[in-house]
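> I have a structure here, written as structure tokens, and I will follow up with some questions on it.
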Amino acid sequence: MAQTFEQTEETRRGRPNIMESASVFTENPTHQRGILTKPITAKPTRATIGPTGEQHSARERRVTLENRHGFPIVEDDIFWSRELEDALPKGFSEVEADAWMDRTRKSQVTSMHWATWRTCGQGKNKYVRLTDGSTVCARYRHPFTLQIQDQILSDPEWSSWAAWAVNTETHVFNVKSDTCTSFVLPKGELYSYYLGRLLGIDHVPPVVLAVVNGTAPLWLRVGPLLPQMQWEQGVLVALIRWIDGLQRGKMPVPLLEGEVSGQDRRLLAMGELQLQELVQWSDLIILDYITANSDRVASNQDAADLNNDPVQMRKYIHNLQKSQHNGAIWLIDNESGLIDGYMLLKERKNGGRFTRFHRTMLEKMCLFRRSTVKRVEELYSLGTGAAEFLLRTVADHEPLAGLLPAVPPRIHLDRTLADRIAHVYNRIRHCMLANMSSMY
Ligand SMILES: Nc1ncnc2c1ncn2[C@@H]1O[C@H](COP(=O)(O)OP(=O)(O)O)[C@@H](O)[C@H]1O
Ligand SMILES: [Mg+2]
């Protein structure tokens, strides 16, 4: 079914549920401002009474695809089966993540190690051990390099944004920020984690912010080492929970080959682990679409496009790691999501390309976790208020969030986030209509 990129009646009216509304893929809906600009509860109000919500448990689900052993794979046409969901490897629950954050803030750093490409990346990032024996990647993005500022400043579309970045950074970081991209990265990491959390995706490593301060309890033991580690006092770093036993991962073949839907016969030949991998990819695709993450699948797509080399898609996917123990897919290094990713979408040179990359991935999957769909519906119901809800969630959990510079107005976070949630919402609705079996 062809998808169109126009505004719909119900987008204007707002808040239908997936079952009630007609199929459309909105590109630039004019969202109502402030539908729920000040969410009061910890979670937004549930918008749906469709098959994704709690009412579902009261009625029988329909298994719409099962393998020859009678194992349910798909139910109600577009949802991964309960059996597959139940067997998924568990990540960190919100309670576990909060407890880790609390412990980390109260902990002490016992040793710091230079990052390598296998441990925490490049530059001045560090692999850091804490008193409780746990480890974190510390992202240190300071001082920033000059690589892209000239390009941005010479682009009239970008010069006002660059001026804004240079003006605003000084009260946050001691030293002048030189690249606009690096400047927004810690924010992307933090916000992407919380957006994943709002979507119920529990395989994004939790993040806490910390200010480097050799005399504060967290850094006291390594205080004298900081200068030789080339870290300056007062710099804001992101501490990201280290996950043991990971290895690189690739895109599952069915996604490389085309769209995966509830009627896909290829699913019948797959083992449970392969199916679980696809289930996790259905979440990955939604998170990366909403955050416009340019450094995961989109990075491979970029290489494939630039080199006219589709084989790039069969290589390891950037910032995707698989657990050697249980096959869990961990979405690491999310600094290119939400802020940097949205900036890229607005860039004259690459915006169109990355818009296309993200859309291509979104259109590859027509199967979803029921819980994720419910969360998408909830966020969709907030319209442009979703951004404020996200910001509030971040502020409620991260006391240092206010030290990060404001979101660049240039990216229109509220509208862009609402649009991207709407695209996912409409994609799910499209899948529902396109795959509806005759029993409906
Ligand atoms: N939270 C983490 N848990 C486990 N391994 C990680 C984690 N973060 C990074 N790594 C490992 O370090 C490598 C580089 O880290 P990454 O955050 O992607 O840095 P870069 O900014 O250089 O891309 C990853 O490919 C992965 O092997
Ligand atoms: Mg990386």
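Chain identifiers are assigned as A, B, and so on, following the order in which chains appear in the structure tokens; residues are numbered from 1 within each chain, and ligands are numbered from 1 in order of appearance.
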What are the closest atom pairs, with distances in Å to one decimal, for each residue of chain A lying within 9 Å of ligand 1, using only C-alpha atoms and all ligand atoms, rows by chain and rising residue number, as CSV?

residue,atom,partner,partner_atom_place_in_ligand_line,distance
A:Ala115,CA,ligand 1,12 (O),7.8
A:Thr116,CA,ligand 1,14 (C),7.0
A:Trp117,CA,ligand 1,14 (C),4.9
A:Arg118,CA,ligand 1,27 (O),4.0
A:Thr119,CA,ligand 1,12 (O),3.6
A:Cys120,CA,ligand 1,15 (O),3.7
A:Gly121,CA,ligand 1,22 (O),3.1
A:Gln122,CA,ligand 1,22 (O),4.5
A:Gly123,CA,ligand 1,22 (O),7.7
A:Asn125,CA,ligand 1,21 (O),8.1
A:Tyr127,CA,ligand 1,9 (C),8.9
A:Thr135,CA,ligand 1,3 (N),8.7
A:Val136,CA,ligand 1,1 (N),6.7
A:Cys137,CA,ligand 1,8 (N),5.9
A:Ala138,CA,ligand 1,8 (N),8.9
A:Arg139,CA,ligand 1,17 (O),7.9
A:Val204,CA,ligand 1,1 (N),8.4
A:Pro205,CA,ligand 1,1 (N),5.7
A:Pro206,CA,ligand 1,1 (N),8.3
A:Leu239,CA,ligand 1,1 (N),9.0
A:Ile240,CA,ligand 1,1 (N),5.5
A:Arg241,CA,ligand 1,1 (N),5.0
A:Trp242,CA,ligand 1,3 (N),3.6
A:Ile243,CA,ligand 1,3 (N),3.8
A:Asp244,CA,ligand 1,4 (C),5.8
A:Gly245,CA,ligand 1,4 (C),7.6
A:Leu246,CA,ligand 1,4 (C),6.2
A:Gln247,CA,ligand 1,27 (O),6.8
A:Arg248,CA,ligand 1,27 (O),7.2
A:Asp295,CA,ligand 1,23 (O),8.3
A:His318,CA,ligand 1,25 (O),7.4
A:Asn319,CA,ligand 1,18 (O),5.3
A:Leu320,CA,ligand 1,25 (O),7.6
A:Gln321,CA,ligand 1,26 (C),7.0
A:Trp330,CA,ligand 1,3 (N),8.1
A:Leu331,CA,ligand 1,1 (N),8.6
A:Ile332,CA,ligand 1,8 (N),5.6
A:Asp333,CA,ligand 1,17 (O),4.3
A:Asn334,CA,ligand 1,17 (O),7.9
A:Glu335,CA,ligand 1,21 (O),8.0
> A:Asp302, A:Glu189, A:Glu378, A:Glu347: which is nearest ligand 2, counting only C-alpha atoms and all ligand atoms?
A:Glu189
> What does the distance from atom CA of A:Ala418 to atom CA of A:Ala386 come to in Å, to one decimal?
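Answer for the atom CA of A:Ala418 to atom CA of A:Ala386 separation: 6.5 Å.
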> Write out as number ranges by chain all residues of stretch 92-137 of chain A that DSSP puts in helix (DSSP H, G or I) for this structure's backbone.
A: 94-106
> Pick out the residues sitting within 6 Å of stretch 410-415 of chain A, and hand them over as a PyMOL selection string; count only C-alpha atoms, and ignore anything fewer than 6 positions along from it in its own chain.
chain A and resi 343+384+387
> Ranking A:Ser261, A:Asp340, A:Lys90, A:Arg296 by minimum distance to ligand 2 and counting only C-alpha atoms and all ligand atoms, which one comes first?
A:Arg296
> Name the closest residue to ligand 2 among the candidates A:Ile73, A:Val297, A:Leu433, A:Met229; distances are taken between atoms, counting only C-alpha atoms and all ligand atoms.
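Using only C-alpha atoms and all ligand atoms, the shortest distance to ligand 2 belongs to A:Val297.
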> Which residue is closest to ligand 2? Choose from A:Ala304, A:Glu96, A:Ser336, A:Leu275 and count only C-alpha atoms and all ligand atoms.
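Among A:Ala304, A:Glu96, A:Ser336, A:Leu275, it is A:Ser336 that comes nearest to ligand 2.
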> Just checking: using only C-alpha atoms and all ligand atoms, which residue out of A:Ser299, A:Val237, A:Lys124, A:His142 ends up closest to ligand 2?
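Using only C-alpha atoms and all ligand atoms, the shortest distance to ligand 2 belongs to A:Ser299.
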> Taking the chain letters and numbering used in this document, name the residues of stretch 212-350 of chain A that DSSP puts in strand (DSSP E or B), as a list in words.
Leu236, Val237, Ala238, Leu239, Ile240, Arg241, Leu246, Gln247, Arg248, Val260, Leu320, Gln321, Lys322, Ser323, Ile329, Trp330 and Leu331 of chain A
> Create the file for the chosen residues now, containing C-alpha atoms and written as a PDB file, in the first residue's frame.

ATOM      1  CA  LEU A 236      30.502  17.911  32.234  1.00  0.00           C
ATOM      2  CA  VAL A 237      30.894  14.216  31.367  1.00  0.00           C
ATOM      3  CA  ALA A 238      28.349  11.508  30.670  1.00  0.00           C
ATOM      4  CA  LEU A 239      28.888   8.249  32.579  1.00  0.00           C
ATOM      5  CA  ILE A 240      27.350   5.346  30.716  1.00  0.00           C
ATOM      6  CA  ARG A 241      26.846   1.940  32.271  1.00  0.00           C
ATOM      7  CA  LEU A 246      29.235  -7.749  24.105  1.00  0.00           C
ATOM      8  CA  GLN A 247      30.255  -8.310  20.527  1.00  0.00           C
ATOM      9  CA  ARG A 248      29.444  -6.581  17.291  1.00  0.00           C
ATOM     10  CA  VAL A 260       9.194  -8.128   7.411  1.00  0.00           C
ATOM     11  CA  LEU A 320      24.934  -2.118  17.897  1.00  0.00           C
ATOM     12  CA  GLN A 321      26.317  -4.719  20.284  1.00  0.00           C
ATOM     13  CA  LYS A 322      25.051  -8.207  20.940  1.00  0.00           C
ATOM     14  CA  SER A 323      25.368 -10.057  24.202  1.00  0.00           C
ATOM     15  CA  ILE A 329      20.920  -6.336  21.399  1.00  0.00           C
ATOM     16  CA  TRP A 330      22.330  -3.311  23.196  1.00  0.00           C
ATOM     17  CA  LEU A 331      21.984   0.101  21.631  1.00  0.00           C
TER      18      LEU A 331
END
> Using only C-alpha atoms, find the one residue out of A:Trp281, A:Trp219, A:Tyr140, A:Phe389 that sits nearest to A:Gly327.
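Closest candidate: A:Trp281.
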> What does the distance between atom CA of A:Glu363 and atom CA of A:Ala434 come to in Å, to one decimal place?
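So the answer is 12.4 Å.
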> I'd like the neighbourhood of A:Asn326 as a PyMOL selection string, where a residue qualifies if any of its atoms comes within 9 Å (using only C-alpha atoms), though same-chain residues fewer than 6 positions away should be ignored.
chain A and resi 88-89+273
> Measure the distance from atom CA of A:Arg420 to atom CA of A:Lys187 in Å and round it to one decimal.
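Distance reported for this atom pair: 18.5 Å.
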